[in-house]
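Trainee: Submitted below is the structure of interest, expressed as structure tokens.
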Amino acid sequence: MTAPVIELDRVSRTYPGRVHALRRVSLRVDPGELVAVVGPSGSGKSTMLQLMGTLDHPTEGVVRLLGHDVAQLDDRRLAAVRARRIGFVFQQFLLTAHLTATQNVATGLLYHGASGSEQLRRAIEALERVGLGHRLGHRPAQLSGGEKQRVAIARALVARPAVVLADEPTGALDSASGAGVLDLLRELNDEGTTIVVITHDLGVAGRFPRRVELLDGEVRHDTALVRP
Amino acid sequence: MSARATTEPLPRPARVRFTQLVGVGLLGVAGRPGRAALSALGIAIGVAAVVAILGIGAAGQAELSARLDALGTNLLRVSAGQTFSGETSRLPREVVDMVARVPGVHRAGGTGSVRDTTVHRTDLTDPRATGSIEVLAARTNLPDVVGAGVRTGAWLNDATGQYPSVVLGSAAAEHLAVDVPGTQVWLGGRWFTVIGVLHPVELAPELDRSALIGWVVAESLLGFDGHPTTVYERSADDVVEQVAALLPGTVNPERPNEVKVSRPSDALAAKLAAQSTFATAYLGLGVVALVVGGIGVANTMVVSVVERRAEIGLRRALGAGKRQIRTQFLTEAVLLSGLGGVVGVLLGLGTAAAWAVNSGWPVTVPTTAVAAGVGASVLIGSVAGWFPAARAARLSPTEALAAA
């Protein structure tokens with residue numbers, strides 16, 4: 001039996017001022033899954049993504065990544081885990097304006113310890129994989145919204161992580177570009193990448209094989225658990 | 001527990017090459033060229049000021065010490081001084097020869113003040129308006145001893161010294177509006193012919209405002225008493241002090257304390273010292289400018305960290321550790337400041353060179369100033385960048401990403 005990629009075990013996160021963002025949430029993501037975490041704003045889904053991505057620590061409970069308790073790791077080890085095992089995609093793309101698409105994607109390997117030429121080679125590979133082989137030298141301002149998000153996805157993939165965490169990846173896109181990005185995520189999942197997408201959009205979530213519904217910091221529904 | 005047994009080991013932290021982090025910092029600076037230029041400007045001005053001041057000071061000092069070398073520091077000037085009751089005491093008639101016999105003295109010359117004698121352009125000028133030009137009887141070897149050069153015409157010799165001939169000091173010639181030899185001037189109630197005009201005499205500036213005539217003619221025509229009032233002598237460099245100690249007793253054995261002995265090159269040497277004092281004071285101003293420039297860089301970096309929280313969050317998400325974030329921002333601060341330092345050094349050197357050329361001084365490259373300028377800017381950059389870089393590193397990833 002292989003360990004789950006991510007495991008939340010009765011995890012709570014309370015912010016100062018007694019805001020309970022998450023209450024005793026348990027969730028397991030296995031390798032090769034494509035999961036949508038869906039809920040209205042304030043439901044705690046962003047907090048959940050940050051905990052899964054080791055960007056934040058739970059107040060209670062245990063977060064395990066590939067079977068390892070995240071609380072046991074110091075800042076340097078966590079940084080290394082993020083560099084090699086987790087890829088992030090953000091709603092606002094977070095591309096650097098003065099860098100080309102290739103350089104932006106290569107940034108995903110910067111903290112990996114790879115040499116400059118290897119970073120660029122793998123960045124070009126990743127861009128070709130997301131269908132942007134013809135946009136290598138373009139800067140973000142010369143790209144459409146959908147293309148920018150593809151560059152950001154390529155950056156998340158370039159280190160071949162165990163899981164890609166995407167926070168509202170279609171939130172800043174029109175529906176056609178959004179659909180294109182979702183198709184890309186499905187293709188990548190078909191090729192074996194584990195992907196967790198956070199969204200407030202039920203229409204988006206409906207296109208995923210597994211949906212986890214969050215409300216007021218609690219899991220209300222998980223399609224994986226009601227299967228017979 | 002069974003799950004634990006099959007877990008793969010987590011990756012170890014990778015060492016990011018320092019050159020790559022510097023590259024990131026370089027791109028961070030180059031990606032915002034306008035801001036980089038403005039914040040580097042403060043440092044550039046400070047460094048330019050320091051380098052220019054040191055450069056100008058070095059060129060000025062090189063010029064002064066070259067001049068001092070050319071003029072020599074072995075000239076001593078002996079004058080009669082004043083008696084206890086306040087009258088000007090007299091030196092013996094043979095004092096020049098007496099001084100010349102002092103051990104170590106190479107040559108000696110002298111002048112004697114011709115009292116109550118004035119010099120004018122014409123006989124129509126009011127005789128009371130002296131124009132403060134002093135009439136001096138001069139020994140023929142005087143220019144040789146004091147290092148005076150003849151600008152036009154000739155110096156007095158044994159022949160011309162017996163006739164009404166006069167050589168004018170530079171300021172006296174200007175005052176009398178005489179620039180060609182052959183002009184007549186009204187001196188002591190008779191016409192004297194100007195046979196020469198001197199260059200300014202650096203070590204005996206009193207000669208610049210004087211009209212110099214022959215010893216013989218002064219005695220025969222103007223009632224000069226023949227007593228020298230000032231003696232100049234040159235000795236070997238290493239015995240100047242001993243000679244200076246011997247001179248008072250030699251020229252006035254009865255009242256040696258009345259004799260005044262001075263070393264004219266001391267004034268130039270003092271100027272040399274004064275210039276470096278000035279430079280130090282200006283240097284203080286330059287350092288103030290540098291500190292202000294450093295505050296500018298710190299300010300830019302603080303703003304930068306606040307503005308670039310999203311970038312910091314992204315980098316943390318991509319696997320940057322706290323240390324790597326700190327190195328990146330520190331690198332940017334050092335680059336900004338170092339850039340200003342290099343520009344400032346070039347500006348400062350240019351200013352110093354232009355100043356030196358304009359003043360006719362030798363152009364010198366103050367290597368210590370160049371090294372200090374670049375070194376100081378790098379140091380200031382690392383100090384100015386420390387606090388903002390530490391703040392960037394401390395920022396938690398979630399806080400940083402919340403700004404996106």
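Lettering and numbering for the structure tokens are positional, with chains as A, B, ... in the shown order, residues counted from 1 in each chain, and ligands counted from 1 in the shown order.
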Could you give me, as an MDAnalysis selection string, each residue of range 131-246 of chain B that DSSP assigns to strand (DSSP E or B) when run on this structure's backbone?

Mentor: chainID B and resid 134:138 150:153 165:168 184:187 190:198 210:214 230:235

Trainee: Please produce a file of the residues just selected, as a CSV table (one decimal), in the first residue's frame, where the atoms kept are C-alpha atoms.

Mentor:
chain,number,residue,atom,x,y,z
B,134,GLU,CA,59.8,99.8,-1.4
B,135,VAL,CA,63.2,100.8,-2.9
B,136,LEU,CA,65.8,98.2,-2.1
B,137,ALA,CA,69.5,98.0,-2.8
B,138,ALA,CA,70.3,94.5,-3.9
B,150,VAL,CA,63.6,87.5,-14.7
B,151,ARG,CA,60.4,87.9,-16.8
B,152,THR,CA,61.7,90.5,-19.2
B,153,GLY,CA,65.0,92.3,-19.6
B,165,SER,CA,69.0,101.3,-13.4
B,166,VAL,CA,66.2,99.5,-11.6
B,167,VAL,CA,64.7,96.0,-11.7
B,168,LEU,CA,61.0,95.9,-10.7
B,184,GLN,CA,61.9,105.5,-17.3
B,185,VAL,CA,60.5,105.8,-13.7
B,186,TRP,CA,60.9,108.6,-11.2
B,187,LEU,CA,62.9,107.2,-8.3
B,190,ARG,CA,65.7,111.3,-10.5
B,191,TRP,CA,65.0,109.2,-13.6
B,192,PHE,CA,65.9,105.5,-13.4
B,193,THR,CA,65.7,103.2,-16.4
B,194,VAL,CA,63.9,99.9,-15.9
B,195,ILE,CA,66.2,97.2,-17.2
B,196,GLY,CA,64.1,94.2,-16.1
B,197,VAL,CA,61.0,92.9,-14.5
B,198,LEU,CA,60.9,89.8,-12.2
B,210,SER,CA,59.9,96.4,-4.5
B,211,ALA,CA,62.1,98.3,-6.9
B,212,LEU,CA,65.6,96.9,-6.8
B,213,ILE,CA,68.7,99.0,-7.6
B,214,GLY,CA,72.4,98.5,-7.4
B,230,THR,CA,67.5,91.4,5.0
B,231,VAL,CA,69.9,88.6,4.3
B,232,TYR,CA,69.0,85.4,2.4
B,233,GLU,CA,71.1,82.3,2.5
B,234,ARG,CA,71.0,78.7,1.3
B,235,SER,CA,72.7,75.8,2.9

Trainee: Given only C-alpha atoms, how would the per-residue table for chain A near chain B read, listing every residue at most 7 Å away with its closest atom pair and distance in Å to one decimal, sorted by chain and number, as CSV?

Mentor:
residue,atom,partner,partner_atom,distance
A:Met1,CA,B:Ala3,CA,6.8
A:Thr2,CA,B:Thr6,CA,6.3
A:Ala3,CA,B:Ala3,CA,5.4
A:Leu55,CA,B:Pro397,CA,5.7
A:Asp56,CA,B:Thr398,CA,6.6
A:Leu66,CA,B:Thr7,CA,6.3
A:Gly67,CA,B:Thr7,CA,5.7
A:Asp75,CA,B:Gly321,CA,6.5
A:Arg76,CA,B:Gly321,CA,5.6
A:Arg77,CA,B:Pro13,CA,5.7
A:Ala79,CA,B:Gly319,CA,4.4
A:Ala80,CA,B:Pro13,CA,4.7
A:Val81,CA,B:Pro11,CA,6.1
A:Arg82,CA,B:Gly319,CA,4.7
A:Ala83,CA,B:Gly319,CA,3.9
A:Phe88,CA,B:Ala317,CA,6.8
A:Leu94,CA,B:Leu314,CA,6.9
A:His98,CA,B:Gly31,CA,5.5
A:Gly108,CA,B:Leu318,CA,5.8
A:Tyr111,CA,B:Gly319,CA,5.6
A:His112,CA,B:Ala14,CA,5.9
A:Gly113,CA,B:Val16,CA,4.8

Trainee: For those residues, write C-alpha atoms to a file as a PDB file, in the first residue's frame.

Mentor:
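That gives us selection14.pdb:
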ATOM      1  CA  MET A   1       0.000   0.000   0.000  1.00  0.00           C
ATOM      2  CA  THR A   2       1.438   3.379  -1.010  1.00  0.00           C
ATOM      3  CA  ALA A   3       1.076   6.329   1.307  1.00  0.00           C
ATOM      4  CA  LEU A  55       2.735  27.084   3.756  1.00  0.00           C
ATOM      5  CA  ASP A  56       0.907  27.102   7.103  1.00  0.00           C
ATOM      6  CA  LEU A  66       3.770  11.404   1.468  1.00  0.00           C
ATOM      7  CA  GLY A  67       3.391   9.834   4.912  1.00  0.00           C
ATOM      8  CA  ASP A  75      11.899  25.657   7.536  1.00  0.00           C
ATOM      9  CA  ARG A  76      14.697  24.386   5.313  1.00  0.00           C
ATOM     10  CA  ARG A  77      13.252  20.895   4.973  1.00  0.00           C
ATOM     11  CA  ALA A  79      11.260  24.608   1.637  1.00  0.00           C
ATOM     12  CA  ALA A  80      12.928  21.596   0.028  1.00  0.00           C
ATOM     13  CA  VAL A  81       9.614  19.687   0.091  1.00  0.00           C
ATOM     14  CA  ARG A  82       7.879  22.612  -1.629  1.00  0.00           C
ATOM     15  CA  ALA A  83      10.688  22.895  -4.170  1.00  0.00           C
ATOM     16  CA  PHE A  88       1.440  25.746  -6.813  1.00  0.00           C
ATOM     17  CA  LEU A  94       2.096  35.531 -10.059  1.00  0.00           C
ATOM     18  CA  HIS A  98      10.237  41.464 -16.653  1.00  0.00           C
ATOM     19  CA  GLY A 108      10.200  26.857 -10.535  1.00  0.00           C
ATOM     20  CA  TYR A 111      15.423  26.418  -5.405  1.00  0.00           C
ATOM     21  CA  HIS A 112      15.882  22.904  -6.712  1.00  0.00           C
ATOM     22  CA  GLY A 113      19.639  23.203  -7.076  1.00  0.00           C
TER      23      GLY A 113
END

Trainee: Identify, on the basis of only C-alpha atoms, every residue whose closest approach to range 170-179 of chain A does not exceed 6 Å; exclude the query and any residue fewer than 2 positions from it along the same chain; express the result as a PyMOL selection string.

Mentor: chain A and resi 91+146+168+181-182

Trainee: Emit the selected residues as a PDB file, in the first residue's frame, including C-alpha atoms.

Mentor:
ATOM      1  CA  GLN A  91      -5.490  32.713  -9.316  1.00  0.00           C
ATOM      2  CA  GLY A 146      -5.243  31.767 -20.448  1.00  0.00           C
ATOM      3  CA  GLU A 168      -8.930  29.233  -8.158  1.00  0.00           C
ATOM      4  CA  VAL A 181      -7.081  25.522 -18.431  1.00  0.00           C
ATOM      5  CA  LEU A 182      -9.373  22.881 -16.912  1.00  0.00           C
TER       6      LEU A 182
END

Trainee: Under the rule that only C-alpha atoms are counted, which of B:Ala372, B:Leu222, B:Ala400, B:Ala279 is the nearest residue to Ile56 in chain B?

Mentor: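 Of the candidates, the smallest distance to Ile56 in chain B is held by B:Ala279.
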
Trainee: With a distance cut-off of 7 Å and only C-alpha atoms, select the neighbouring residues of range 117-128 of chain A, excluding the residue or stretch itself and same-chain residues fewer than 4 positions from it, and output the selection as a list in words.

Mentor: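 Returned residues: Thr102, Val105, Ala106, Leu109, Leu132, Gly133, Leu136, Val151, Ala154, Leu157 and Val158 of chain A.
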
Trainee: As a PyMOL selection string, please: every residue in range 83-216 of chain B that a backbone DSSP assignment puts in alpha helix (DSSP H).

Mentor: chain B and resi 95-100+142-146+170-176+215-216

Trainee: Compile the contact shell of Thr140 in chain B as a PyMOL selection string: residues with an atom at most 9 Å away, counting only C-alpha atoms, same-chain residues fewer than 4 positions apart removed.

Mentor: chain B and resi 109-110+144+155-158+161+214-215

Trainee: Please save C-alpha atoms of the selected residues as an mmCIF file, in the first residue's frame.

Mentor:
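Saved as again.cif:
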data_model
loop_
_atom_site.group_PDB
_atom_site.id
_atom_site.type_symbol
_atom_site.label_atom_id
_atom_site.label_comp_id
_atom_site.auth_asym_id
_atom_site.auth_seq_id
_atom_site.Cartn_x
_atom_site.Cartn_y
_atom_site.Cartn_z
ATOM 1 C CA GLY B 109 72.690 87.499 -0.637
ATOM 2 C CA GLY B 110 71.015 90.560 0.785
ATOM 3 C CA ASP B 144 70.443 83.125 -7.455
ATOM 4 C CA TRP B 155 68.969 91.477 -13.701
ATOM 5 C CA LEU B 156 71.434 94.001 -12.257
ATOM 6 C CA ASN B 157 75.118 93.279 -12.766
ATOM 7 C CA ASP B 158 78.272 94.987 -11.531
ATOM 8 C CA GLY B 161 74.424 98.447 -10.635
ATOM 9 C CA GLY B 214 72.411 98.505 -7.408
ATOM 10 C CA TRP B 215 74.248 98.779 -4.095
#

Trainee: Give me, as a list in words, all polymer residues having an atom no more than 12 Å from Asn257 in chain B, counting only C-alpha atoms and skipping those fewer than 6 positions away in the same chain.

Mentor: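 Near neighbours after the sequence-gap exclusion: Ser79, Ala80, Gly81, Gln82, Thr83, Phe84, Ser89, Ala245, Leu246, Leu247, Pro248, Gly249, Thr250 and Val251 of chain B.
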
Trainee: Write out, as an mmCIF file, in the first residue's frame, the residues just selected, with N, CA and C atoms.

Mentor:
data_model
loop_
_atom_site.group_PDB
_atom_site.id
_atom_site.type_symbol
_atom_site.label_atom_id
_atom_site.label_comp_id
_atom_site.auth_asym_id
_atom_site.auth_seq_id
_atom_site.Cartn_x
_atom_site.Cartn_y
_atom_site.Cartn_z
ATOM 1 N N SER B 79 66.467 88.902 9.210
ATOM 2 C CA SER B 79 66.241 90.351 9.181
ATOM 3 C C SER B 79 66.622 90.949 10.527
ATOM 4 N N ALA B 80 66.785 92.273 10.493
ATOM 5 C CA ALA B 80 67.343 92.956 11.655
ATOM 6 C C ALA B 80 66.475 92.801 12.896
ATOM 7 N N GLY B 81 65.179 92.799 12.716
ATOM 8 C CA GLY B 81 64.313 92.737 13.888
ATOM 9 C C GLY B 81 64.251 94.073 14.598
ATOM 10 N N GLN B 82 63.721 94.058 15.801
ATOM 11 C CA GLN B 82 63.522 95.311 16.538
ATOM 12 C C GLN B 82 64.306 95.284 17.836
ATOM 13 N N THR B 83 64.733 96.455 18.234
ATOM 14 C CA THR B 83 65.419 96.544 19.515
ATOM 15 C C THR B 83 64.400 96.481 20.616
ATOM 16 N N PHE B 84 64.916 96.399 21.855
ATOM 17 C CA PHE B 84 64.057 96.316 23.025
ATOM 18 C C PHE B 84 63.127 97.514 23.108
ATOM 19 N N SER B 89 66.519 97.487 14.534
ATOM 20 C CA SER B 89 67.959 97.434 14.786
ATOM 21 C C SER B 89 68.690 97.270 13.464
ATOM 22 N N ALA B 245 70.284 78.100 13.916
ATOM 23 C CA ALA B 245 70.659 78.343 15.309
ATOM 24 C C ALA B 245 71.908 79.231 15.406
ATOM 25 N N LEU B 246 72.787 79.114 14.418
ATOM 26 C CA LEU B 246 74.037 79.889 14.453
ATOM 27 C C LEU B 246 73.849 81.332 14.017
ATOM 28 N N LEU B 247 72.829 81.571 13.141
ATOM 29 C CA LEU B 247 72.734 82.876 12.494
ATOM 30 C C LEU B 247 72.592 84.072 13.443
ATOM 31 N N PRO B 248 71.713 84.037 14.447
ATOM 32 C CA PRO B 248 71.542 85.247 15.294
ATOM 33 C C PRO B 248 72.845 85.685 15.933
ATOM 34 N N GLY B 249 73.588 84.716 16.480
ATOM 35 C CA GLY B 249 74.847 85.065 17.129
ATOM 36 C C GLY B 249 75.876 85.591 16.142
ATOM 37 N N THR B 250 75.768 85.115 14.912
ATOM 38 C CA THR B 250 76.719 85.545 13.891
ATOM 39 C C THR B 250 76.466 86.991 13.486
ATOM 40 N N VAL B 251 75.196 87.326 13.226
ATOM 41 C CA VAL B 251 74.924 88.652 12.682
ATOM 42 C C VAL B 251 74.830 89.719 13.769
#

Trainee: Counting only C-alpha atoms, which of B:Asn141, B:Ala62, B:Thr118, B:Ala36 gets nearest to Leu339 in chain B?

Mentor: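 That would be B:Ala36, the residue with the smallest distance to Leu339 in chain B.
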
Trainee: Find the spatial neighbours of range 19-23 of chain A, counting only C-alpha atoms, within a cut-off of 7 Å - ignore same-chain residues fewer than 5 positions away - and output them as a PDB file with C-alpha atoms, in the first residue's frame.

Mentor:
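Saved result, out-v5.pdb, follows:
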ATOM      1  CA  VAL A  11      -6.968  19.217  11.332  1.00  0.00           C
ATOM      2  CA  SER A  12      -8.113  22.533  12.833  1.00  0.00           C
ATOM      3  CA  ARG A  13      -6.755  25.981  12.096  1.00  0.00           C
ATOM      4  CA  THR A  14      -7.719  28.842  14.342  1.00  0.00           C
ATOM      5  CA  GLY A  44     -11.853  27.652   4.758  1.00  0.00           C
ATOM      6  CA  THR A  47      -6.631  27.698   4.514  1.00  0.00           C
ATOM      7  CA  GLY A 217     -14.554  25.133   7.995  1.00  0.00           C
ATOM      8  CA  GLU A 218     -16.085  21.641   7.885  1.00  0.00           C
TER       9      GLU A 218
END
